[in-house]
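*Asks:* After the structure tokens below, expect a handful of questions from me.
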Amino acid sequence: MSDVTTSGRRVSPLRNVVRLLGPPVAVGVGAVLLLQFVLARFQISGIIIPRPTEIFEVMRSEIFIEQIGLSVWQTWQATLIGFALGGGAGVLLGIGMNESKLMRFVFYPYVVAFQSLPKIALAPVFALWLGFGLTMKFSFAAMLAFFPAVIATLSALSTVATMRLEMATAFGARRGQLFMRISLPSAVPGIVSGLEISMAFALIGAIVGEFISPSSGLGQLLLTYSESINVAAEFAVLLVLMLLGVAQNKLLFGAVRLAARRFFEPA
Amino acid sequence: MATARHAVELAGLRHVFPGRGRSVQAMEAVRNVDLTVEPGEFVSIVGPSGCGKSTILKMIAGLLRPSEGSVRVWGEEVTGPRREIGIALQDATLLPWRDVVSNCLLPVELHGKVTDEARERVAGLLERAGLAGFETRRPKELSGGMRQRVAICRALADDPTLLLLDEPFGALDALTREQMNVDLNRIWRETGKTAILITHGIEEAVLLSTRVVLLSERPGTIVDVITPPFPPTRTRELLSRPEFAEVCGQVRDRLFAGEQAKPDRAEAGA
Amino acid sequence: MSVRVWLRWGVLLVTTAILLLCWQTLPTGGPGSTLPKLDAVLAALGPGGEWDVYLRALRTTLIEAFAGLAIGFVAGVVFGVLLGESPVLRRGFYPYALALQALPPIALAPIFVIWFGLGVESKIGLVAAATLFPILVSTMTGVAQTDPVRIEMATAFAATKAQIRRKIIFPGLVVPIFSGLEISIVLSFLAAITGELISANAGVGVILEVYQRDYRLAEEFAVLMILVVVGLLLALVTRIARRAVLERMPHE
């Protein structure tokens, strides 16, 4: 997590590490110790808030490791397929709507209508149509991933600097050249940010899909532990889910975004 | 090449930006502009902001169609962007994902294949613009002045016969601007291009041009044409000569005369 | 109007007509059909529809959404200002704030059910947790990114710390807080419905599942249509509120 703050002056590397990592480590360790102490001191039941040691015990158990490994894979599979389909289709529709005024005009009301529907509410309908299992999960994830990609692509493409387009037009760029050489590369950072949101929504879609038609994955695991009031295990799953979210949203997309910035961001 | 042909001919040029409903009123930007530019000339168009200077340039570049009148480049009616034209705008509009050389090669790519000849030409232009050694830099690693130099090299990259410059140094500080002017003069002499410069800097126009065209306030019409009586080679030293100041004063007087006419006109209109 | 405009409207209307026609004719509407016919949905939206059920559910959901949003908003602004003003606190908590933000908030739904039961309280908690972070993060970055030159300027005029806060920092927060709030408004509605879908005794999520279980798909789709309208209204209200706020409050 050393990328969180930027260092100002150059100081000795060790001091820099302490300066950067000191506060978060202190907060983390402090919070864990405080929680452990307060929960023990006031004898608060583990059913309400599990002690850090309890969560740690659960995470070490073989059965949990086995279950969580499988569940993470199942959820992530649905997330990735959904993201690829929904995000990809969204970018394509965004491009189409930017390039063709007719297409934009015709699709816009539908995009707005769907945009304002809390799309989670469609989960039961998806379960009705597609039943249980992977297809339902990735389709629902794809639907959630689709709209942020459309919106971001459209807005990134329609805000490309006019002067840049004018310059290329004056040099005789044809429509296709204008798109491939100017518009699309200019829009890459915006599209990448949109896809980042798409991916976060794909994960939400996969988990809600698992909540609604429980067949596998982290969503089902959360429900199972919740029904058996195993709060420590519930927290352990949330912790893993958080790491998964960080891995895909912050690390993976952080890298992609950094690359996109580096190559495409305006000077 | 037929010697009789003019580089640019503007005849009875008028441009009106159409209104849209009640919210946007139609606006006449340019009215009745006649101008002929001969091969090898450096013509500046000077006028107050919003007088339609850029509109004229865009019509020559084929980006805008005139509402009335005609634009001819090398004797042919302009109906769209033409290969003979190289352009540089106030914003350098370099593509941040390309390095200096491939930014310069953009027009060549847009017109066809990038040849070794074009690469050599770009290398020569960059050398001449003092950018040797910066070929693989990205735009964000360059200063504002350097970016504008790259933009001018890009304008010249596909060997156009007509160079259009829309306030290319408008955003630069005064000292950099002076240096850029001297360099531009040298590049113009060495390449022998015909050039049209849009600017609101009187000194810049007088320093660079063989002719200075003065435009009135909107709708822009030509008020006067002044020919600075200096040899083609212009140096910084010229800036401090009394003759130079005299010509600048002349330009300023003519522009100011146009300004003063305004209240009368407004009263007459009311 | 030009030919182009006519063409556009024509294509839009024809497309919509074809879609509606397909919706009416393609579903069988009989037993085993998983899509209700258009006229059945319209009938469920008409005066004969179960409006008392729809509206009661909608009221529950909106109460959950707004109560949760209010808690999330206040907590988000307070913590956002605290973290924004202290670089040490920010450095200490920021990684955790980022990590918690990466956790899909709806995954907390089962925990909140354990904590607060099936009633509105668990949904309010979930909504508060979901809406907290967008507001916290945008407030915090708003505070942290106050132009240092402005603070220098105010310091040069001998402004006190409280004055700097009130006159320099807070006016700059209106826009970022509102952007965070806009995201959170959408999230609040979404989180409330998710909570209800998972386990609840009232609300839109519940009636959606009940209608589906009873195979009354026309009513279920009618509720979805109502949600579209409510969503549009929420977006509209947000937009009006934005304009009103920006007009009255000092901002950039």
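Letters for chains follow the order of the structure tokens (A, B, ...), residue numbers begin at 1 for each chain, and ligand numbers begin at 1 in the order shown.
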If we count only C-alpha atoms, what is near stretch 233-237 of chain B at a cut-off of 9 Å, once residues fewer than 6 positions away on the same chain are taken out, given as a JSON list (two decimals) with C-alpha atoms, in the first residue's frame?
*Replies:*
[["chain", "number", "residue", "atom", "x", "y", "z"],
["B", 178, "GLU", "CA", 10.06, 36.60, -30.07],
["B", 179, "GLN", "CA", 12.46, 33.71, -30.48],
["B", 181, "ASN", "CA", 9.10, 34.52, -34.61],
["B", 182, "VAL", "CA", 12.73, 34.77, -35.61],
["B", 185, "ASN", "CA", 11.07, 33.63, -40.37],
["B", 186, "ARG", "CA", 14.16, 31.52, -40.98],
["B", 189, "ARG", "CA", 12.89, 31.58, -45.98],
["B", 207, "LEU", "CA", 8.09, 41.31, -38.07],
["B", 208, "LEU", "CA", 7.14, 38.25, -40.06]]
*Asks:* Taking only C-alpha atoms into account and nothing else, which residues of chain A lie no more than 12 Å away from chain B? Please answer as a ChimeraX atom specification.
*Replies:* /A:160-178,180-189,259-267
*Asks:* With a distance threshold of 6 Å and counting only C-alpha atoms, extract the residues of chain C near chain A and express them as a PyMOL selection string.
*Replies:* chain C and resi 8+12+91-92+99+102-104+110+190+227-228+231-232
*Asks:* Keeping only C-alpha atoms, write those residues as a tab-separated table (two decimals), in the first residue's frame.
*Replies:*
chain	number	residue	atom	x	y	z
C	8	ARG	CA	-34.70	10.10	-36.14
C	12	LEU	CA	-37.22	5.78	-32.54
C	91	ARG	CA	-2.28	8.16	5.63
C	92	GLY	CA	-3.34	5.87	8.47
C	99	ALA	CA	-10.13	-1.59	0.86
C	102	ALA	CA	-13.54	-2.29	-2.82
C	103	LEU	CA	-15.79	-4.58	-0.80
C	104	PRO	CA	-19.15	-4.77	-2.60
C	110	PRO	CA	-26.41	-11.09	5.62
C	190	LEU	CA	-30.02	-0.16	-4.73
C	227	LEU	CA	-39.11	1.37	-10.21
C	228	VAL	CA	-38.01	2.85	-13.54
C	231	GLY	CA	-35.55	6.04	-10.53
C	232	LEU	CA	-36.15	8.72	-13.16
*Asks:* I need the residue nearest B:Val122 from this list: B:Ile196, B:Ala157, B:Leu64, B:Val100. Use only C-alpha atoms for the distance.
*Replies:*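 Looking at the shortest contact to B:Val122, the residue is B:Ala157.
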*Asks:* With DSSP run on the backbone, what are the strand (DSSP E) residues within stretch 5-242 of chain B? I'd like them as a VMD selection string.
*Replies:* chain B and resid 8 to 17 27 to 37 42 to 46 68 to 73 76 to 77 85 to 88 162 to 166 194 to 199 211 to 215 222 to 226
*Asks:* When you look at A:Ser215 with a cut-off of 10 Å (counting only C-alpha atoms), what residues show up, excluding the ones that are within fewer than 2 positions of it in the same chain? I need them as a list in words.
*Replies:* Gln74, Phe132, Gly133, Leu134, Lys137, Gly209, Glu210, Phe211, Ile212, Ser213, Gly217, Leu218, Gly219, Gln220 and Leu221 of chain A
*Asks:* Can you check which residues of stretch 25-167 of chain B DSSP gives as helix (DSSP H, G or I) on the backbone and send them as a ChimeraX atom specification?
*Replies:* /B:53-61,100-104,106-111,116-128,139-141,144-157
*Asks:* Generate a file of the selected residues that holds N, CA and C atoms, formatted as a tab-separated table (two decimals), in the first residue's frame.
*Replies:*
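What landed in selection-v8.tsv:
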chain	number	residue	atom	x	y	z
B	53	LYS	N	-11.06	36.26	-38.01
B	53	LYS	CA	-9.77	35.87	-38.61
B	53	LYS	C	-9.69	34.35	-38.77
B	54	SER	N	-10.00	33.66	-37.66
B	54	SER	CA	-9.90	32.20	-37.70
B	54	SER	C	-10.89	31.59	-38.66
B	55	THR	N	-12.05	32.25	-38.79
B	55	THR	CA	-13.05	31.74	-39.72
B	55	THR	C	-12.49	31.75	-41.15
B	56	ILE	N	-11.79	32.83	-41.49
B	56	ILE	CA	-11.19	32.92	-42.83
B	56	ILE	C	-10.20	31.78	-43.01
B	57	LEU	N	-9.37	31.57	-41.98
B	57	LEU	CA	-8.36	30.52	-42.09
B	57	LEU	C	-9.01	29.14	-42.25
B	58	LYS	N	-10.09	28.93	-41.49
B	58	LYS	CA	-10.77	27.63	-41.57
B	58	LYS	C	-11.38	27.42	-42.95
B	59	MET	N	-11.82	28.50	-43.58
B	59	MET	CA	-12.38	28.35	-44.92
B	59	MET	C	-11.27	28.02	-45.92
B	60	ILE	N	-10.09	28.63	-45.73
B	60	ILE	CA	-8.98	28.30	-46.63
B	60	ILE	C	-8.56	26.84	-46.42
B	61	ALA	N	-8.60	26.39	-45.13
B	61	ALA	CA	-8.19	25.02	-44.82
B	61	ALA	C	-9.22	23.99	-45.26
B	100	VAL	N	7.71	12.82	-30.60
B	100	VAL	CA	7.83	13.99	-31.45
B	100	VAL	C	7.81	13.60	-32.93
B	101	VAL	N	8.62	12.60	-33.30
B	101	VAL	CA	8.71	12.23	-34.71
B	101	VAL	C	7.37	11.73	-35.22
B	102	SER	N	6.71	10.84	-34.47
B	102	SER	CA	5.48	10.28	-35.04
B	102	SER	C	4.35	11.30	-34.99
B	103	ASN	N	4.42	12.27	-34.07
B	103	ASN	CA	3.48	13.38	-34.16
B	103	ASN	C	3.65	14.12	-35.47
B	104	CYS	N	4.91	14.37	-35.83
B	104	CYS	CA	5.18	15.10	-37.08
B	104	CYS	C	4.74	14.29	-38.30
B	106	LEU	N	2.20	12.44	-38.57
B	106	LEU	CA	0.75	12.21	-38.67
B	106	LEU	C	0.15	12.61	-40.02
B	107	PRO	N	0.42	13.83	-40.52
B	107	PRO	CA	-0.19	14.18	-41.81
B	107	PRO	C	0.26	13.24	-42.93
B	108	VAL	N	1.52	12.81	-42.89
B	108	VAL	CA	2.01	11.89	-43.92
B	108	VAL	C	1.22	10.59	-43.87
B	109	GLU	N	1.00	10.08	-42.64
B	109	GLU	CA	0.21	8.85	-42.47
B	109	GLU	C	-1.19	9.03	-43.01
B	110	LEU	N	-1.79	10.19	-42.71
B	110	LEU	CA	-3.18	10.41	-43.10
B	110	LEU	C	-3.29	10.49	-44.62
B	111	HIS	N	-2.22	10.91	-45.28
B	111	HIS	CA	-2.28	11.04	-46.75
B	111	HIS	C	-1.84	9.79	-47.46
B	116	ASP	N	10.60	6.74	-46.49
B	116	ASP	CA	11.90	7.17	-45.94
B	116	ASP	C	12.14	8.63	-46.23
B	117	GLU	N	11.66	9.05	-47.39
B	117	GLU	CA	11.82	10.45	-47.77
B	117	GLU	C	11.15	11.37	-46.75
B	118	ALA	N	9.90	10.98	-46.35
B	118	ALA	CA	9.18	11.78	-45.38
B	118	ALA	C	9.92	11.79	-44.05
B	119	ARG	N	10.46	10.62	-43.66
B	119	ARG	CA	11.22	10.56	-42.40
B	119	ARG	C	12.41	11.50	-42.43
B	120	GLU	N	13.11	11.48	-43.58
B	120	GLU	CA	14.27	12.37	-43.70
B	120	GLU	C	13.85	13.83	-43.65
B	121	ARG	N	12.72	14.10	-44.30
B	121	ARG	CA	12.26	15.49	-44.32
B	121	ARG	C	11.93	15.96	-42.90
B	122	VAL	N	11.25	15.08	-42.15
B	122	VAL	CA	10.89	15.44	-40.78
B	122	VAL	C	12.14	15.62	-39.93
B	123	ALA	N	13.13	14.72	-40.13
B	123	ALA	CA	14.37	14.86	-39.38
B	123	ALA	C	15.01	16.21	-39.67
B	124	GLY	N	14.99	16.60	-40.96
B	124	GLY	CA	15.57	17.89	-41.35
B	124	GLY	C	14.82	19.05	-40.72
B	125	LEU	N	13.48	18.97	-40.74
B	125	LEU	CA	12.66	20.04	-40.16
B	125	LEU	C	12.93	20.19	-38.68
B	126	LEU	N	12.98	19.04	-37.98
B	126	LEU	CA	13.20	19.08	-36.53
B	126	LEU	C	14.57	19.70	-36.23
B	127	GLU	N	15.54	19.32	-37.04
B	127	GLU	CA	16.89	19.87	-36.90
B	127	GLU	C	16.84	21.39	-37.04
B	128	ARG	N	16.14	21.83	-38.09
B	128	ARG	CA	16.07	23.24	-38.38
B	128	ARG	C	15.31	23.99	-37.28
B	139	PRO	N	5.15	14.66	-25.90
B	139	PRO	CA	4.79	16.07	-25.77
B	139	PRO	C	4.87	16.58	-24.34
B	140	LYS	N	4.48	15.75	-23.36
B	140	LYS	CA	4.44	16.29	-21.99
B	140	LYS	C	5.84	16.55	-21.44
B	141	GLU	N	6.86	16.04	-22.13
B	141	GLU	CA	8.23	16.30	-21.68
B	141	GLU	C	8.79	17.59	-22.29
B	144	GLY	N	6.17	24.59	-23.63
B	144	GLY	CA	5.15	25.10	-24.53
B	144	GLY	C	5.72	25.54	-25.87
B	145	GLY	N	6.86	26.24	-25.82
B	145	GLY	CA	7.48	26.71	-27.06
B	145	GLY	C	7.92	25.55	-27.94
B	146	MET	N	8.49	24.52	-27.30
B	146	MET	CA	8.94	23.37	-28.08
B	146	MET	C	7.76	22.65	-28.73
B	147	ARG	N	6.65	22.59	-28.01
B	147	ARG	CA	5.47	21.93	-28.58
B	147	ARG	C	5.01	22.66	-29.83
B	148	GLN	N	5.03	23.99	-29.76
B	148	GLN	CA	4.60	24.75	-30.93
B	148	GLN	C	5.56	24.54	-32.09
B	149	ARG	N	6.86	24.42	-31.78
B	149	ARG	CA	7.81	24.12	-32.85
B	149	ARG	C	7.47	22.79	-33.51
B	150	VAL	N	7.15	21.79	-32.65
B	150	VAL	CA	6.77	20.48	-33.21
B	150	VAL	C	5.55	20.64	-34.09
B	151	ALA	N	4.56	21.43	-33.62
B	151	ALA	CA	3.34	21.60	-34.41
B	151	ALA	C	3.65	22.22	-35.77
B	152	ILE	N	4.63	23.15	-35.79
B	152	ILE	CA	4.97	23.76	-37.07
B	152	ILE	C	5.71	22.77	-37.96
B	153	CYS	N	6.58	21.97	-37.36
B	153	CYS	CA	7.24	20.91	-38.14
B	153	CYS	C	6.21	19.95	-38.71
B	154	ARG	N	5.19	19.62	-37.88
B	154	ARG	CA	4.15	18.72	-38.35
B	154	ARG	C	3.41	19.35	-39.53
B	155	ALA	N	3.14	20.66	-39.43
B	155	ALA	CA	2.44	21.34	-40.52
B	155	ALA	C	3.23	21.23	-41.83
B	156	LEU	N	4.58	21.20	-41.70
B	156	LEU	CA	5.42	21.18	-42.89
B	156	LEU	C	5.80	19.76	-43.32
B	157	ALA	N	5.38	18.76	-42.53
B	157	ALA	CA	5.93	17.42	-42.71
B	157	ALA	C	5.60	16.79	-44.07
*Asks:* Just the residues within 8 Å of B:Ala26, please, counting only C-alpha atoms, with nothing from its chain fewer than 6 positions along; format it as a list in words.
*Replies:*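 Selected residues are Val16, Phe17, Pro18, Gly19 and Arg20 of chain B.
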*Asks:* When you count only C-alpha atoms, which of these residues is closest to B:Arg218: B:Ser49, B:Ser23, B:Thr36, B:Thr79?
*Replies:*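 Smallest separation from B:Arg218 among the options: B:Ser49.
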*Asks:* What is the atom CA of A:Ile151-atom CA of A:Val192 distance in Å, reported with one decimal?
*Replies:*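 If I compute the distance from atom CA of A:Ile151 to atom CA of A:Val192, I get 11.9 Å.
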